[in-house]
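Trainee: Have a look at this one.
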Amino acid sequence: MTTFFYTHAACLGHLVPEGHPERPARMEAISSALSGKAFQTLVRKTAPLATPAQLMRIHPEHFVEEVMAAMPQSGFHAFDPDTPASPGTREAALRAAGAVVAAVDAVMTGEATNAFCAVRPPGHHAEPERAMGFCFFNSIAIGAAHARAVHGAARVAVVDFDVHHGNGTQAAFWDDPNLFYASTHQAPFYPGSGSEAETGRHDQGNIVNVPLKAYSDPALFRQAYEAGIVPALEEFAPDLVLISAGFDAHIDDPLSQLCLHEKDFAWVTQAICEVAARRCGGRVVSVLEGGYNLSALGASVAAHVNALMAA
C-alpha cells in the first residue's frame with residue numbers, strides 16, 4: 001500500500017478578505033495534522049500546474065480564458081459574494097487541479113495505490129461555465145476527465161461527503177452514464193441542489209443524492225452509505241473512485257449543522273476504499289473540499305488519511 005500526498009505552497013497564496021472561512025490557515029492545520037510519526041510513510045509530492053487543455057476537458061475555452069483574465073493584479077476580484085480572487089489565486093487554482101491530475105496519473109499507472117490532495121481553492125461547486133461557492137475550476141471533475149482521456153478509464157465515480165452538495169460536479173456528470181456522482185449533504189442548504197429526484201439525464205441513475213436534514217446524527221449518515229451510496233457505487237463498477245473530501249459536516253464546523261466526528265470520516269473512507277478494492281484494484285484519489293473549523297479539519301483529515309493508508 002502506497003499513499004501519495006499532494007500539496008503546494010502556492011495554495012497558501014490564494015488570499016481572501018478577513019473573516020472569509022476558506023482561508024490559508026486551513027492548509028497550515030492540515031500540514032500540522034499530518035506531520036507526526038503516523039504519517040512518515042506518506043509519499044509527499046509537489047502539485048504541478050494544470051494545463052489549459054486539462055481544464056478544458058470540463059470547462060469551455062471561453063470560460064477558462066475569462067476566469068484567467070479576471071484574476072486581479074492587486075486587491076480582490078469577486079466572482080460572486082462568496083468567491084473572491086487575489087493575485088495568488090490563479091496559481092493556487094491551477095495547482096489544485098494539477099494535483100488531482102497528477103494523483104490520477106500515479107494511481108492509474110500503479111505508482112500509488114491511492115492519494116490525497118490537500119489543495120485550495122476547492123472545486124466541487126464550480127460548474128462548467130460558472131465559478132461559485134469558493135470554487136473556480138472543478139478539480140475533481142477535471143481529474144475524472146483526465147482518467148478517461150489519458151488512461152482509458154471507461155467508468156469513473158466521484159463520492160462527495162462535503163456538507164454542501166457538489167452542484168458543479170453533478171452538472172459536469174449529468175449527461176454521461178459512464179460518470180457516477182454520489183453525495184450526502186445537508187438540505188435544505190447551499191447551493192440548493194441535490195434532491196433525491198436528481199438522478200441524471202432521463203433518470204439514468206448515474207447521480208445519487210442522499211440529502212440529510214440539519215442535525216442529522218452519524219447513524220443517519222452511515223445509513224445513507226450502507227443502504228444507498230455503497231450499493232450504487234458497487235453496481236456502477238468504476239475503474240477509478242475519486243472522493244470530494246469535505247469535512248464541514250463535522251459537529252464543530254461553523255458553516256453547517258450536521259453532527260459528524262472524525263471517526264465517521266474514517267468509517268466512510270474505509271467503506272469507499274473497500275468498494276474500490278473489489279472493483280478497481282483500490283484506485284482512489286481524494287481531494288480536499290470544505291472544512292472550516294481548523295482543529296476539526298486537522299483531526300478529520302488525519303482520520304481520513306489514516307484510513308487511506310490502511311486500505
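Numbering starts fresh at 1 for the residues of each chain in the C-alpha cells, the chains themselves are lettered A, B, ... in the order given, and ligands are numbered from 1 as they appear.
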If we count only C-alpha atoms, what is near range 200-214 of chain A at a cut-off of 8 Å, once residues fewer than 6 positions away on the same chain are taken out, given as a tab-separated table (two decimals) with C-alpha atoms, in the first residue's frame?
Mentor:
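Dumped everything to around.tsv:
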```tsv
chain	number	residue	atom	x	y	z
A	170	GLN	CA	-23.19	16.89	-10.78
A	173	PHE	CA	-21.53	14.42	-14.99
A	174	TRP	CA	-25.28	14.78	-15.60
A	175	ASP	CA	-25.45	13.65	-19.23
A	176	ASP	CA	-22.91	10.83	-19.16
A	177	PRO	CA	-23.99	7.40	-17.83
A	178	ASN	CA	-20.32	6.38	-17.51
A	179	LEU	CA	-19.66	9.11	-14.94
A	180	PHE	CA	-21.13	8.49	-11.48
A	181	TYR	CA	-21.69	11.12	-8.80
A	182	ALA	CA	-23.00	10.34	-5.30
A	183	SER	CA	-23.42	12.85	-2.49
A	184	THR	CA	-24.54	13.12	1.09
A	185	HIS	CA	-25.18	16.72	2.11
A	186	GLN	CA	-27.26	18.88	4.39
A	187	ALA	CA	-30.57	20.01	2.89
A	188	PRO	CA	-32.16	22.46	2.56
A	194	GLY	CA	-29.08	17.74	-4.65
A	220	LEU	CA	-28.26	8.55	9.55
A	221	PHE	CA	-25.08	9.44	7.69
A	224	ALA	CA	-27.13	6.75	3.73
A	228	GLY	CA	-27.82	3.82	-0.79
A	229	ILE	CA	-24.46	5.03	-1.95
A	232	ALA	CA	-24.96	2.03	-6.09
A	256	SER	CA	-23.23	23.73	8.89
A	257	GLN	CA	-25.45	21.74	11.21
A	258	LEU	CA	-24.58	18.10	10.72
```
Trainee: Go through range 210-310 of chain A and flag each residue having an atom no more than 9 Å from range 123-136 of chain A; for those, report the closest pair of atoms plus their distance in Å to one decimal, using only C-alpha atoms, ordered by chain and rising number, as a tab-separated table.
Mentor:
```
residue	atom	partner	partner_atom	distance
A:Ser244	CA	A:His124	CA	7.3
A:Leu288	CA	A:Gly123	CA	8.8
A:Glu289	CA	A:Gly123	CA	6.8
```
Trainee: Write the residues of the preceding selection, restricted to C-alpha atoms, as a PDB file, in the first residue's frame.
Mentor:
```pdb
ATOM      1  CA  SER A 244     -14.683  15.002  -2.724  1.00  0.00           C
ATOM      2  CA  LEU A 288      -9.955  18.354  -0.147  1.00  0.00           C
ATOM      3  CA  GLU A 289     -13.139  20.392  -0.416  1.00  0.00           C
TER       4      GLU A 289
END
```
Trainee: Nearest residue to His151 in chain A out of A:Pro60, A:Pro122, A:Gly110, A:Gly290, using only C-alpha atoms?
Mentor: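 Between A:Pro60, A:Pro122, A:Gly110, A:Gly290, the residue approaching His151 in chain A most closely is A:Gly110.
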Trainee: Looking only at the backbone, which of the residues in range 141-289 of chain A does DSSP tag as alpha helix (DSSP H), as a ChimeraX atom specification?
Mentor: /A:141-151,167-173,218-224,230-236,262-280
Trainee: Would you kindly return, as a PyMOL selection string, each protein, DNA or RNA residue with an atom no farther than 8 Å from any atom of Ala93 in chain A, considering only C-alpha atoms and excluding same-chain residues fewer than 2 positions away?
Mentor: chain A and resi 11+89-91+95-97+120-121+136-137
Trainee: So which residues touch range 50-54 of chain A within 10 Å, counting only C-alpha atoms, skipping near sequence neighbours fewer than 3 positions away, as a ChimeraX atom specification?
Mentor: /A:47,57-61,64-65,91,93-102,139,142-143,145-146,149
Trainee: Please provide as a list in words all residues within 10 Å of Lys263 in chain A, with the sequence filter that same-chain residues fewer than 3 positions apart are discarded (counting only C-alpha atoms).
Mentor: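 Residues meeting the cut-off are Pro218, Leu260, Ala266, Trp267, Val268, Thr269, Ala299, Ser300, Ala303, His304 and Ala307 of chain A.
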Trainee: In Å, rounded to a single decimal, give me how far CA of Val305 in chain A is from CA of Ala237 in chain A.
Mentor: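 Value for the CA of Ala237 in chain A-CA of Val305 in chain A distance: 23.4 Å.
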